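Engineer: This is the structure I want to talk about, given as structure tokens.
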Amino acid sequence: MAGPAEYVEIRPYKPTDRTGFAHLVATVLAEYGLKIDPILEADLEHPDTSYQGVWVAVHNDRVIGSVAIRLLDGGTAAELKRMYLQPEHRGRGLGRTLLNHAIHWAKDRGCRSIALDTSTAMTAAQRLYESAGFARIGTRTEEP
């Protein structure tokens, strides 16, 4: 477990991060009783080409967090994706740092709005998003 003085690097995703990135996503989904869906998670093969911006948080050469942005509507809007953090690294502000990084990146490129979706079970994530100014606009159900 990383202590407050231990270094975590947030940097752009590299193809060599693919295995760690996919493991992070699978670990967090499993925590909520969800599994990797080959259709919904097809972007895990090449996150760097699936999104215009994708970053990882790395601690001791291990991917422990991620966030991605897909630009929409000619870059005036964006979709926040792949916001994950290993459980043992939560509660220290790293999730907020990742979120702020993605928000600022999108704003710097002219985005006026950012949308996201999350599981109803991810209540801590919902609190984080709402504290950053996101508002609930509805619910949806994904069918395989």
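Following the order of the structure tokens, chains are lettered A, B, ..., residues in each are numbered from 1, and ligands are numbered from 1.
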As a ChimeraX atom specification, which residues of chain A does DSSP assign to helix (DSSP H, G or I)?
Structural biologist: /A:15-31,42-45,47-50,73-75,87-89,94-108,123-131
Engineer: Could you tell me, as a PyMOL selection string, which residues of chain A DSSP assigns to strand (DSSP E) when given the backbone?
Structural biologist: chain A and resi 9-12+53-59+62-72+77-85+113-115
Engineer: Would you output that residue set with N, CA and C atoms, as a tab-separated table (two decimals), in the first residue's frame?
Structural biologist:
```
chain	number	residue	atom	x	y	z
A	9	GLU	N	3.24	8.37	-10.41
A	9	GLU	CA	3.38	9.15	-11.63
A	9	GLU	C	2.10	9.04	-12.45
A	10	ILE	N	1.59	10.18	-12.89
A	10	ILE	CA	0.47	10.19	-13.84
A	10	ILE	C	1.07	10.60	-15.17
A	11	ARG	N	0.91	9.73	-16.16
A	11	ARG	CA	1.54	9.97	-17.46
A	11	ARG	C	0.65	9.42	-18.56
A	12	PRO	N	0.91	9.85	-19.80
A	12	PRO	CA	0.15	9.30	-20.92
A	12	PRO	C	0.36	7.79	-21.03
A	53	GLY	N	-7.33	11.05	-25.43
A	53	GLY	CA	-6.46	11.22	-24.28
A	53	GLY	C	-6.64	10.04	-23.33
A	54	VAL	N	-5.55	9.42	-22.93
A	54	VAL	CA	-5.63	8.33	-21.95
A	54	VAL	C	-4.36	8.35	-21.11
A	55	TRP	N	-4.55	8.29	-19.80
A	55	TRP	CA	-3.45	8.39	-18.86
A	55	TRP	C	-3.51	7.26	-17.85
A	56	VAL	N	-2.37	6.94	-17.31
A	56	VAL	CA	-2.29	5.93	-16.26
A	56	VAL	C	-1.57	6.54	-15.06
A	57	ALA	N	-1.94	6.04	-13.89
A	57	ALA	CA	-1.21	6.34	-12.66
A	57	ALA	C	-0.35	5.12	-12.39
A	58	VAL	N	0.93	5.35	-12.21
A	58	VAL	CA	1.88	4.25	-12.04
A	58	VAL	C	2.60	4.39	-10.70
A	59	HIS	N	2.64	3.30	-9.97
A	59	HIS	CA	3.34	3.23	-8.69
A	59	HIS	C	4.20	1.97	-8.69
A	62	ARG	N	3.81	-0.29	-11.66
A	62	ARG	CA	2.53	-0.98	-11.76
A	62	ARG	C	1.43	0.03	-12.04
A	63	VAL	N	0.59	-0.27	-13.04
A	63	VAL	CA	-0.55	0.60	-13.34
A	63	VAL	C	-1.58	0.43	-12.22
A	64	ILE	N	-1.84	1.53	-11.50
A	64	ILE	CA	-2.77	1.47	-10.37
A	64	ILE	C	-4.01	2.33	-10.61
A	65	GLY	N	-3.99	3.14	-11.66
A	65	GLY	CA	-5.14	3.99	-11.94
A	65	GLY	C	-5.15	4.39	-13.40
A	66	SER	N	-6.31	4.87	-13.85
A	66	SER	CA	-6.43	5.29	-15.24
A	66	SER	C	-7.59	6.26	-15.41
A	67	VAL	N	-7.53	6.98	-16.52
A	67	VAL	CA	-8.63	7.83	-16.96
A	67	VAL	C	-8.43	8.08	-18.45
A	68	ALA	N	-9.54	8.20	-19.17
A	68	ALA	CA	-9.47	8.44	-20.61
A	68	ALA	C	-10.54	9.44	-21.02
A	69	ILE	N	-10.30	10.09	-22.15
A	69	ILE	CA	-11.24	11.06	-22.72
A	69	ILE	C	-11.44	10.75	-24.20
A	70	ARG	N	-12.68	10.75	-24.59
A	70	ARG	CA	-13.04	10.65	-26.02
A	70	ARG	C	-13.68	11.98	-26.39
A	71	LEU	N	-13.12	12.65	-27.37
A	71	LEU	CA	-13.69	13.92	-27.84
A	71	LEU	C	-14.88	13.65	-28.75
A	72	LEU	N	-15.90	14.48	-28.62
A	72	LEU	CA	-17.14	14.34	-29.40
A	72	LEU	C	-17.51	15.69	-30.01
A	77	ALA	N	-17.36	18.70	-27.00
A	77	ALA	CA	-17.86	17.87	-25.91
A	77	ALA	C	-16.91	16.68	-25.76
A	78	ALA	N	-17.01	16.03	-24.62
A	78	ALA	CA	-16.15	14.88	-24.37
A	78	ALA	C	-16.89	13.86	-23.52
A	79	GLU	N	-16.36	12.65	-23.57
A	79	GLU	CA	-16.87	11.57	-22.74
A	79	GLU	C	-15.71	11.07	-21.88
A	80	LEU	N	-15.92	11.06	-20.58
A	80	LEU	CA	-14.93	10.54	-19.64
A	80	LEU	C	-15.10	9.03	-19.57
A	81	LYS	N	-13.99	8.31	-19.73
A	81	LYS	CA	-14.03	6.85	-19.74
A	81	LYS	C	-12.88	6.30	-18.89
A	82	ARG	N	-12.99	5.04	-18.57
A	82	ARG	CA	-11.90	4.25	-17.97
A	82	ARG	C	-11.28	4.88	-16.73
A	83	MET	N	-12.14	5.49	-15.90
A	83	MET	CA	-11.69	6.09	-14.64
A	83	MET	C	-11.69	4.98	-13.60
A	84	TYR	N	-10.51	4.45	-13.31
A	84	TYR	CA	-10.38	3.34	-12.36
A	84	TYR	C	-9.19	3.58	-11.46
A	85	LEU	N	-9.29	3.04	-10.25
A	85	LEU	CA	-8.21	3.12	-9.28
A	85	LEU	C	-8.23	1.87	-8.42
A	113	SER	N	-18.38	20.63	-22.44
A	113	SER	CA	-19.12	19.69	-21.59
A	113	SER	C	-18.43	18.33	-21.61
A	114	ILE	N	-18.57	17.63	-20.50
A	114	ILE	CA	-18.03	16.27	-20.38
A	114	ILE	C	-19.11	15.40	-19.78
A	115	ALA	N	-19.37	14.27	-20.42
A	115	ALA	CA	-20.35	13.30	-19.92
A	115	ALA	C	-19.62	12.05	-19.48
```
Engineer: Mind checking which residues fall within 7 Å of segment 21-37 of chain A, counting only C-alpha atoms, ignoring those fewer than 2 positions away in the same chain, and posting them as a short mmCIF file (atom, residue, chain, number, x, y, z; two decimals) with C-alpha atoms, in the first residue's frame?
Structural biologist:
```cif
data_model
loop_
_atom_site.label_atom_id
_atom_site.label_comp_id
_atom_site.auth_asym_id
_atom_site.auth_seq_id
_atom_site.Cartn_x
_atom_site.Cartn_y
_atom_site.Cartn_z
CA ASP A 17 0.88 -0.43 -20.30
CA ARG A 18 -1.75 -2.58 -22.06
CA THR A 19 -1.54 -5.60 -19.74
CA ILE A 39 -17.91 -5.90 -26.83
CA LEU A 40 -18.02 -3.22 -24.13
CA GLU A 41 -14.31 -3.53 -23.38
CA LEU A 44 -8.77 -2.43 -23.90
CA VAL A 63 -0.55 0.60 -13.34
CA ILE A 64 -2.77 1.47 -10.37
CA TYR A 84 -10.38 3.34 -12.36
CA GLN A 86 -6.97 0.05 -7.44
CA ALA A 121 -22.80 0.27 -7.33
#
```
Engineer: Please, what distance in Å, to one decimal, runs between atom CA of Thr120 of chain A and atom CA of Pro87 of chain A?
Structural biologist: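 Distance reported for this atom pair: 17.3 Å.
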Engineer: Which residue is closest to Thr76 of chain A? Choose from A:Glu130, A:Asp108, A:Asp48, A:Asp43 and count only C-alpha atoms.
Structural biologist: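 Checking each candidate against Thr76 of chain A, we get A:Asp108 as the closest.
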Engineer: In Å to one decimal, how far is atom CA of Lys107 of chain A from atom CA of Tyr129 of chain A?
Structural biologist: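 So the two atoms, atom CA of Tyr129 of chain A and atom CA of Lys107 of chain A, lie 16.2 Å apart.
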Engineer: Please determine, counting only C-alpha atoms, which residue among A:Thr123, A:Thr16, A:Thr97, A:Asn60 has the shortest atom-to-atom distance to Glu45 of chain A.
Structural biologist: A:Thr16
Engineer: Name the closest residue to Ser131 of chain A among the candidates A:His101, A:Arg96, A:His89, A:Arg112; distances are taken between atoms, counting only C-alpha atoms.
Structural biologist: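 Result for the nearest residue to Ser131 of chain A: A:Arg96.
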